[in-house]
Amino acid sequence: NRVAAEAPSTSFHELVPALLTCLQSPIQTRRKEALACLNVFIFPMPGSLVANMDRYLGGLSALASDESAEIRQLVCQGIVSLLSQRAEYIKPHFASIVTFMLTATSDSDPSVALEACDFWLTFASLDEDSYDDEMMGCVA
């Protein structure tokens, strides 16, 4: 995160779109590494990630059923990071995220299931300002 915070913002304007493109790569390692990098950028939230948030969320959605357990685990990590840091970005998609996390909680790979469980802990730990009645209705 230190590198992300100290990097010039112009670097992100080129890097984030390139990483988002890599999420569609047929090469599993490229998808995994691109998603890992993008997930690191959630905390500093550079403007280019904000500007491309729909693409990032679309990438998470597309990778949610990836054959690689490592990638599915990173999808869960990305969602949990967004929930804890910037829940407003996932609010419009919360119902489908809850459905995915319920499924991921029983993933055949224990690392994916454990990461999905972290979603529920994070949601339960949110400040009242971070969620609304509609989000609560999705988990009730």
# chains A, B, ... in the order shown; residues from 1 in each chain; ligands from 1
>>> residues_around(residues="Leu49 of chain A", least_positions_apart="3", cutoff="10 Å", atoms="only C-alpha atoms", output="mmCIF file with N, CA and C atoms, in the first residue's frame")
data_model
loop_
_atom_site.group_PDB
_atom_site.id
_atom_site.type_symbol
_atom_site.label_atom_id
_atom_site.label_comp_id
_atom_site.auth_asym_id
_atom_site.auth_seq_id
_atom_site.Cartn_x
_atom_site.Cartn_y
_atom_site.Cartn_z
ATOM 1 N N PHE A 12 -1.355 5.481 -12.241
ATOM 2 C CA PHE A 12 -2.569 4.699 -12.074
ATOM 3 C C PHE A 12 -3.505 4.837 -13.272
ATOM 4 N N HIS A 13 -3.479 5.988 -13.914
ATOM 5 C CA HIS A 13 -4.362 6.199 -15.075
ATOM 6 C C HIS A 13 -4.040 5.230 -16.203
ATOM 7 N N LEU A 15 -2.059 2.211 -15.481
ATOM 8 C CA LEU A 15 -1.930 0.882 -14.886
ATOM 9 C C LEU A 15 -3.278 0.212 -14.630
ATOM 10 N N VAL A 16 -4.209 0.926 -14.042
ATOM 11 C CA VAL A 16 -5.496 0.319 -13.685
ATOM 12 C C VAL A 16 -6.222 -0.224 -14.920
ATOM 13 N N PRO A 17 -6.370 0.541 -16.002
ATOM 14 C CA PRO A 17 -7.027 -0.026 -17.187
ATOM 15 C C PRO A 17 -6.288 -1.236 -17.767
ATOM 16 N N LEU A 20 -7.125 -4.159 -15.568
ATOM 17 C CA LEU A 20 -8.510 -4.575 -15.813
ATOM 18 C C LEU A 20 -8.611 -5.406 -17.090
ATOM 19 N N LEU A 38 -5.018 -5.231 -8.331
ATOM 20 C CA LEU A 38 -6.186 -4.353 -8.221
ATOM 21 C C LEU A 38 -6.745 -4.353 -6.801
ATOM 22 N N PHE A 41 -5.092 -1.959 -4.541
ATOM 23 C CA PHE A 41 -5.413 -0.549 -4.783
ATOM 24 C C PHE A 41 -6.720 -0.106 -4.122
ATOM 25 N N ILE A 42 -7.462 -1.015 -3.527
ATOM 26 C CA ILE A 42 -8.740 -0.630 -2.921
ATOM 27 C C ILE A 42 -8.539 0.338 -1.759
ATOM 28 N N PRO A 44 -5.949 2.611 -1.044
ATOM 29 C CA PRO A 44 -5.674 4.002 -1.417
ATOM 30 C C PRO A 44 -6.699 4.564 -2.402
ATOM 31 N N MET A 45 -7.408 3.685 -3.102
ATOM 32 C CA MET A 45 -8.470 4.033 -4.054
ATOM 33 C C MET A 45 -8.076 5.192 -4.981
ATOM 34 N N PRO A 46 -7.144 4.919 -5.896
ATOM 35 C CA PRO A 46 -6.777 5.972 -6.845
ATOM 36 C C PRO A 46 -7.965 6.342 -7.733
ATOM 37 N N ASN A 52 -12.986 3.533 -13.053
ATOM 38 C CA ASN A 52 -13.181 2.229 -13.699
ATOM 39 C C ASN A 52 -13.845 1.216 -12.775
ATOM 40 N N MET A 53 -14.546 1.696 -11.754
ATOM 41 C CA MET A 53 -15.140 0.799 -10.763
ATOM 42 C C MET A 53 -16.114 -0.192 -11.407
ATOM 43 N N ASP A 54 -16.897 0.247 -12.378
ATOM 44 C CA ASP A 54 -17.826 -0.681 -13.031
ATOM 45 C C ASP A 54 -17.069 -1.809 -13.729
ATOM 46 N N ARG A 55 -15.940 -1.489 -14.333
ATOM 47 C CA ARG A 55 -15.124 -2.534 -14.975
ATOM 48 C C ARG A 55 -14.530 -3.478 -13.938
ATOM 49 N N TYR A 56 -14.089 -2.924 -12.819
ATOM 50 C CA TYR A 56 -13.532 -3.759 -11.758
ATOM 51 C C TYR A 56 -14.601 -4.704 -11.205
#
>>> select_by_dssp(residues="segment 1-135 of chain A", states="alpha helix (DSSP H)", output="ChimeraX atom specification")
/A:2-6,9-22,28-40,47-51,53-63,69-85,94-105,110-124,133-135
>>> residues_around(residues="segment 24-35 of chain A", least_positions_apart="4", cutoff="12 Å", atoms="only C-alpha atoms", output="count of residues only")
34
>>> closest_residue(among="A:Arg86, A:Ile97, A:Glu14, A:Val80", to="Asp129 of chain A", atoms="only C-alpha atoms")
A:Arg86
>>> closest_residue(among="A:His93, A:Ala140, A:Thr99, A:Ala87", to="Glu128 of chain A", atoms="only C-alpha atoms")
A:Ala87
